[in-house]
Amino acid sequence: MSTERVAAAIRDSVAASRPLRISGRGMWLDAGRPVRADATLSLKDDSGVVSYVPGDLTLTVRAGTPLAEIADVTSERDQWLPLDPYGSPDGSIGATLATASAGPLASSFGLARDLVLGVEFVNGSGETIRGGGKVVKNVAGFDLSRLLTGSWGTLGVITEATLRLYARPAVDRTFVIDLGGPEKHVTSIVRAIVTSPLAPYALLLLSASAARSIGVGESPACLIRFGGNEAVVRAQVGALSQLSRPEELETKIWLAVRQLDGNSHSTIRISSLPQRVVAHAARMLHEDIPFIRTSIDPRRGILRIAVDSDGEVDQRELPADLRVTGENGGGASEVIFEKLPPEVWAQVSPSVVADGLSRGIRTAYDPHNVLNPGILGD
Amino acid sequence: MVAERLAEIVGPAHVLSRQSELLVYNSDGLPGYRRQPRLAVFPGTRDEAIAVVRFLAAERLPFVPRGAGTGLSGGALADDIVVVGLHRLKKIISLDIENRRATVEPGVVNLRLNKHVAPHGLLYAPDPSSEAACTIGGNVAENAGGPHCLKYGVTLNHVLAMTVVLPSGEIVELGSKVGERDGYDLRGAFIGSEGCFGLALEITVKLTPKPQAVRTLLADFTSVDKAAHVTSAIIASGIVPAALEFMDGATIRVVEDSIYAAGYPRDAEAILLIELDGLEAGVVADQETVRRICLDGGARQVRVARDDAERMKLWQGRKKAFGAMGRLAPHLIVQDAVIPRTKLPEILATIHAISEKYSVMVCNVFHAGDGNLHPNIAYSADDPAESERVHKAMVEIMQACIAAGGSITGEHGVGLDKLGYMESIFSETSLNAMCELRGVFDPERRSNPGKVVPVHACKEWHGIPGSAKSRGAREASPLEAEPSRPIAR
């Protein structure tokens, strides 16, 4: 697979009026709204490093490259792409960018949009386009890299991306704090951590069911990851010990965290003002429903809920759960549906691209409506 | 009459139509370019701004949004069309200390926002050198950077939401004030659109806690090459300094001769201004590592600012360096190319060779940490022969940066100045995709016409000559900018 073959496939689909389902390595195809397409364009075979100059801390890869491969290649030079989206590390960078996926590291290193420097993509007319570049700072031309990131393949098929890397920290340690105490106590610990000068790489609160699913105990827990030079990590661990009783975990726990969704049939992300999320965190964490795994990134203001397939959850319970955070719909939070049973989308979130600008851009970049039609709605 | 109608909206005191009054608006921070606006209008409230844009839409008049006019790309110039100046919209609308965000009007000056939030232990991270004058609205339009964006990111990484009036007069909300949102990243597309997509009337930005500790180091070198290699070595070490700035000998001496004298060693051929920040313990350790890298790389000495006053002084010299260049000649041309950081020593040597070839004095003062060069030449635009040599030298420098795999602009924007280079780094289809994106925000291309993307690169502009569409577009765009030359008109 090459850019030219992607372009040819798209031109063929236009000629045959046969829309395409765009797929990276096929790991996350249950996310997003149902796609009206009967052919799939997979980028699985378009994989590998195009260029890597460690001294520049930039990496250019083909879109089908698995995140795990990027991790391997960069760790040989003590570097990494600090992007840890939920799901399998075998997922592709192209899909990660297309879906703007990110994980617990985002509150320190930024979202996908903050780490992408440039993209090459093929639009819905089969034209190859480049946005951004290969350097870490760039304002040449309108920002097509940002536009494509999070467009779920509906504006173009990403074929190549240049990413910003970071040096791996000399020290990288992870701790867990038991949040099984009374709600008030939990709220005060979380507030203390969030308002302290501590600058963890990642900070994630887990409900009991979530903690259980990754094997860190039976009660709600707080995972906290410190990185940097020896001195800064030691100082932070010391400060954390003043606030609570942290226990050290192996860093690979974060790989387990990425599997939190398990075989969920619904995954919902609620994004709100960080302090509002902190205020509700304790209550959310203490609702121990076995088939609902809740995780909270208090600094980013994200509450993420994964509901299992084997749990017999009535669909009407979901909004009730959301209401616990309060004010939803009153402009106080944003709700992002990552994954829902196909039949539910139409009533819960028919479209996120129905506004005039989004429609206009979609028409300009995919005039024949052949790229992932329906995945973001119409 | 257009001026009278605009005066009805904003009051007669806020419309300028006399040519003498408009002289002030005929250039931006790059004085080599001059374009005389037809008139200028300065709305004082959000509603007035909307009314102005709607009036211009109804009359199908092209216009150029303008903040403080500190830009360095000729982007805010209006060639015989209307300037819509937004500096009167300067309210800080709200400040949410707990959630670390502020909502401001576009005319709020960058430094004023910083002073406003400082008592709460917060800062607004993007810090262009023009921070004392430039506006947040202008920063959004240009996706402004600054020395500290090496660690903290550029404007794009700090804007959460915007209320925008499109050139049609329609109001849209981009991004979200309360959280992350799915759908297309229209906020990302708007930031850095150089006034071509509309006017941001309300901007919600992320605020950053002030670091617990800050250390500013000054390392001086007897050669540019040594300082360039040390820059690469610091980046490769994995330490992310808050800022890593480079000044060459020529720049040092100009600054030291000026009122911005910072106490830089006059006999040095290069200095690096390195700032480290974060938690005290980490900064102390990094400071030692950086000091060692500098000394191992041939620094004569590494000085650490003892207090805030000394720190500010060291920064003042850097931030006012372009201003100090005014001592050399009446005009200044500044480039903004970005190169891969490992290419720094090689490119600086190339720039030196080019300066000798054309007998021009290139001063280098730039954001070394992210490879964002600012080679600049002070010259007299009234001397055609000198202008010619300056122009040729700059073109050659830019070509070298492009050949090194870089970009033509890191933070100043394309504007008029770099229009001619767009085709060197983007294909026809890529430029056309940009035209199409602009066409969605501004179908008539009335907002800042003729900037950013060369007009002839837009597919539908090749339309049938004389057709309604191409005629309409032409009328809307009297400024058919082709690559301009830095020569005063």
# chains A, B, ... in the order shown; residues from 1 in each chain; ligands from 1

call {"tool": "interface_residues", "arguments": {"of": "chain B", "to": "chain A", "cutoff": "6 Å", "atoms": "only C-alpha atoms", "output": "list in words"}}
result
Asn99, Val178, Gly179, Glu180, Gly183, Tyr184, Asp185, Gly188, Ala189, Ser193, Ala236, Gly238, Ala281, Gly282, Pro340, Arg341, Thr342, Thr409, Gly410, Glu411, Gly413, Thr429, Ser430, Met434 and Val440 of chain B

call {"tool": "residues_around", "arguments": {"residues": "Pro200 (chain A)", "least_positions_apart": "4", "cutoff": "10 Å", "atoms": "only C-alpha atoms", "output": "list in words"}}
result
Leu105, Ser107, Ser108, Arg173, Thr174, Ile193, Val194, Ile224, Arg225, Phe226, Gly227, Gly228, Val233, Gln236 and Val237 of chain A

call {"tool": "write_last_selection", "arguments": {"atoms": "N, CA and C atoms", "output": "PDB file, in the first residue's frame"}}
result
ATOM      1  N   LEU A 105      -1.652  10.260  29.660  1.00  0.00           N
ATOM      2  CA  LEU A 105      -0.505  11.160  29.508  1.00  0.00           C
ATOM      3  C   LEU A 105      -0.902  12.519  28.937  1.00  0.00           C
ATOM      4  N   SER A 107      -2.778  14.837  29.937  1.00  0.00           N
ATOM      5  CA  SER A 107      -2.842  16.014  30.799  1.00  0.00           C
ATOM      6  C   SER A 107      -1.465  16.648  30.994  1.00  0.00           C
ATOM      7  N   SER A 108      -0.404  15.917  30.652  1.00  0.00           N
ATOM      8  CA  SER A 108       0.929  16.521  30.708  1.00  0.00           C
ATOM      9  C   SER A 108       1.506  16.822  29.330  1.00  0.00           C
ATOM     10  N   ARG A 173       8.277   6.560  37.572  1.00  0.00           N
ATOM     11  CA  ARG A 173       7.732   5.713  38.638  1.00  0.00           C
ATOM     12  C   ARG A 173       6.234   5.942  38.800  1.00  0.00           C
ATOM     13  N   THR A 174       5.533   4.881  39.138  1.00  0.00           N
ATOM     14  CA  THR A 174       4.081   4.946  39.285  1.00  0.00           C
ATOM     15  C   THR A 174       3.658   4.460  40.669  1.00  0.00           C
ATOM     16  N   ILE A 193      -3.945  16.948  45.824  1.00  0.00           N
ATOM     17  CA  ILE A 193      -2.980  16.586  44.781  1.00  0.00           C
ATOM     18  C   ILE A 193      -3.079  17.562  43.605  1.00  0.00           C
ATOM     19  N   VAL A 194      -4.321  17.845  43.202  1.00  0.00           N
ATOM     20  CA  VAL A 194      -4.517  18.673  42.015  1.00  0.00           C
ATOM     21  C   VAL A 194      -4.026  20.107  42.239  1.00  0.00           C
ATOM     22  N   ILE A 224      -0.829   7.422  39.994  1.00  0.00           N
ATOM     23  CA  ILE A 224      -0.074   8.656  39.784  1.00  0.00           C
ATOM     24  C   ILE A 224       1.330   8.308  39.297  1.00  0.00           C
ATOM     25  N   ARG A 225       1.729   8.984  38.217  1.00  0.00           N
ATOM     26  CA  ARG A 225       2.986   8.660  37.548  1.00  0.00           C
ATOM     27  C   ARG A 225       3.895   9.878  37.533  1.00  0.00           C
ATOM     28  N   PHE A 226       5.102   9.694  38.047  1.00  0.00           N
ATOM     29  CA  PHE A 226       6.076  10.792  38.070  1.00  0.00           C
ATOM     30  C   PHE A 226       7.233  10.473  37.130  1.00  0.00           C
ATOM     31  N   GLY A 227       7.663  11.468  36.386  1.00  0.00           N
ATOM     32  CA  GLY A 227       8.816  11.275  35.517  1.00  0.00           C
ATOM     33  C   GLY A 227       9.718  12.483  35.547  1.00  0.00           C
ATOM     34  N   GLY A 228      10.959  12.264  35.200  1.00  0.00           N
ATOM     35  CA  GLY A 228      11.905  13.379  35.144  1.00  0.00           C
ATOM     36  C   GLY A 228      13.254  12.937  35.657  1.00  0.00           C
ATOM     37  N   VAL A 233      11.731  13.540  40.758  1.00  0.00           N
ATOM     38  CA  VAL A 233      10.824  12.438  41.089  1.00  0.00           C
ATOM     39  C   VAL A 233      10.879  12.172  42.597  1.00  0.00           C
ATOM     40  N   GLN A 236       8.910  14.703  44.503  1.00  0.00           N
ATOM     41  CA  GLN A 236       7.460  14.576  44.354  1.00  0.00           C
ATOM     42  C   GLN A 236       6.927  13.371  45.133  1.00  0.00           C
ATOM     43  N   VAL A 237       7.690  12.283  45.105  1.00  0.00           N
ATOM     44  CA  VAL A 237       7.258  11.115  45.876  1.00  0.00           C
ATOM     45  C   VAL A 237       7.212  11.479  47.363  1.00  0.00           C
TER      46      VAL A 237
END

call {"tool": "residues_around", "arguments": {"residues": "Gly374 (chain A)", "least_positions_apart": "2", "cutoff": "7 Å", "atoms": "only C-alpha atoms", "output": "PyMOL selection string"}}
result
chain A and resi 33-36+372+376-378

call {"tool": "closest_residue", "arguments": {"among": "B:Ala381, B:Val284, B:Met398, B:Ala68", "to": "Gly29 (chain B)", "atoms": "only C-alpha atoms"}}
result
B:Ala68

call {"tool": "residues_around", "arguments": {"residues": "Val452 (chain B)", "least_positions_apart": "5", "cutoff": "7 Å", "atoms": "only C-alpha atoms", "output": "list in words"}}
result
Gly141 of chain A; Val414, Gly415, Leu416 and Leu419 of chain B

call {"tool": "residues_around", "arguments": {"residues": "Leu113 (chain B)", "least_positions_apart": "6", "cutoff": "9 Å", "atoms": "only C-alpha atoms", "output": "VMD selection string"}}
result
chain B and resid 92 102 104 123 to 124 136

call {"tool": "residues_around", "arguments": {"residues": "Leu61 (chain B)", "least_positions_apart": "5", "cutoff": "8 Å", "atoms": "only C-alpha atoms", "output": "list in words"}}
result
Leu56, Ile81, Val82, Arg446 and Ala476 of chain B

call {"tool": "residues_around", "arguments": {"residues": "Ser424 (chain B)", "least_positions_apart": "6", "cutoff": "10 Å", "atoms": "only C-alpha atoms", "output": "ChimeraX atom specification"}}
result
/B:399,402-403,407-408

call {"tool": "select_by_dssp", "arguments": {"residues": "region 227-378 of chain B", "states": "strand (DSSP E)", "output": "VMD selection string"}}
result
chain B and resid 243 to 248 270 to 278 301 to 304 331 to 334 362 to 367 375 to 378

call {"tool": "select_by_dssp", "arguments": {"residues": "region 218-294 of chain B", "states": "helix (DSSP H, G or I)", "output": "PyMOL selection string"}}
result
chain B and resi 224-237+249-257+280-294

call {"tool": "write_last_selection", "arguments": {"atoms": "C-alpha atoms", "output": "PDB file, in the first residue's frame"}}
result
ATOM      1  CA  VAL B 224      28.599  30.718  16.535  1.00  0.00           C
ATOM      2  CA  ASP B 225      29.347  27.127  15.673  1.00  0.00           C
ATOM      3  CA  LYS B 226      30.059  26.122  19.258  1.00  0.00           C
ATOM      4  CA  ALA B 227      26.809  27.659  20.473  1.00  0.00           C
ATOM      5  CA  ALA B 228      24.886  25.891  17.702  1.00  0.00           C
ATOM      6  CA  HIS B 229      26.357  22.528  18.652  1.00  0.00           C
ATOM      7  CA  VAL B 230      25.588  23.124  22.321  1.00  0.00           C
ATOM      8  CA  THR B 231      21.973  23.905  21.386  1.00  0.00           C
ATOM      9  CA  SER B 232      21.676  20.565  19.620  1.00  0.00           C
ATOM     10  CA  ALA B 233      23.321  18.827  22.580  1.00  0.00           C
ATOM     11  CA  ILE B 234      20.880  20.315  25.101  1.00  0.00           C
ATOM     12  CA  ILE B 235      17.881  19.269  23.013  1.00  0.00           C
ATOM     13  CA  ALA B 236      19.312  15.803  22.505  1.00  0.00           C
ATOM     14  CA  SER B 237      19.864  15.452  26.271  1.00  0.00           C
ATOM     15  CA  GLY B 249      27.896  38.672  18.206  1.00  0.00           C
ATOM     16  CA  ALA B 250      26.461  41.314  15.898  1.00  0.00           C
ATOM     17  CA  THR B 251      23.162  41.241  17.755  1.00  0.00           C
ATOM     18  CA  ILE B 252      24.840  41.291  21.158  1.00  0.00           C
ATOM     19  CA  ARG B 253      26.750  44.428  20.301  1.00  0.00           C
ATOM     20  CA  VAL B 254      23.726  46.220  18.871  1.00  0.00           C
ATOM     21  CA  VAL B 255      21.725  45.425  21.989  1.00  0.00           C
ATOM     22  CA  GLU B 256      24.561  46.482  24.286  1.00  0.00           C
ATOM     23  CA  ASP B 257      24.824  49.805  22.462  1.00  0.00           C
ATOM     24  CA  GLU B 280      12.853  23.379  42.517  1.00  0.00           C
ATOM     25  CA  ALA B 281      14.545  20.000  42.915  1.00  0.00           C
ATOM     26  CA  GLY B 282      14.309  19.171  39.216  1.00  0.00           C
ATOM     27  CA  VAL B 283      15.483  22.590  38.092  1.00  0.00           C
ATOM     28  CA  VAL B 284      18.563  22.445  40.278  1.00  0.00           C
ATOM     29  CA  ALA B 285      19.531  19.099  38.756  1.00  0.00           C
ATOM     30  CA  ASP B 286      18.840  20.247  35.187  1.00  0.00           C
ATOM     31  CA  GLN B 287      20.792  23.421  35.744  1.00  0.00           C
ATOM     32  CA  GLU B 288      23.874  21.406  36.551  1.00  0.00           C
ATOM     33  CA  THR B 289      23.393  19.196  33.473  1.00  0.00           C
ATOM     34  CA  VAL B 290      22.949  22.185  31.186  1.00  0.00           C
ATOM     35  CA  ARG B 291      25.920  24.003  32.671  1.00  0.00           C
ATOM     36  CA  ARG B 292      28.082  20.960  32.023  1.00  0.00           C
ATOM     37  CA  ILE B 293      26.868  20.615  28.428  1.00  0.00           C
ATOM     38  CA  CYS B 294      27.674  24.291  27.813  1.00  0.00           C
TER      39      CYS B 294
END

call {"tool": "atom_distance", "arguments": {"atom1": "CA of Val2 (chain B)", "atom2": "CA of Val53 (chain B)"}}
result
12.4 Å

call {"tool": "atom_distance", "arguments": {"atom1": "CA of Ile189 (chain A)", "atom2": "CA of Asp297 (chain A)"}}
result
14.2 Å
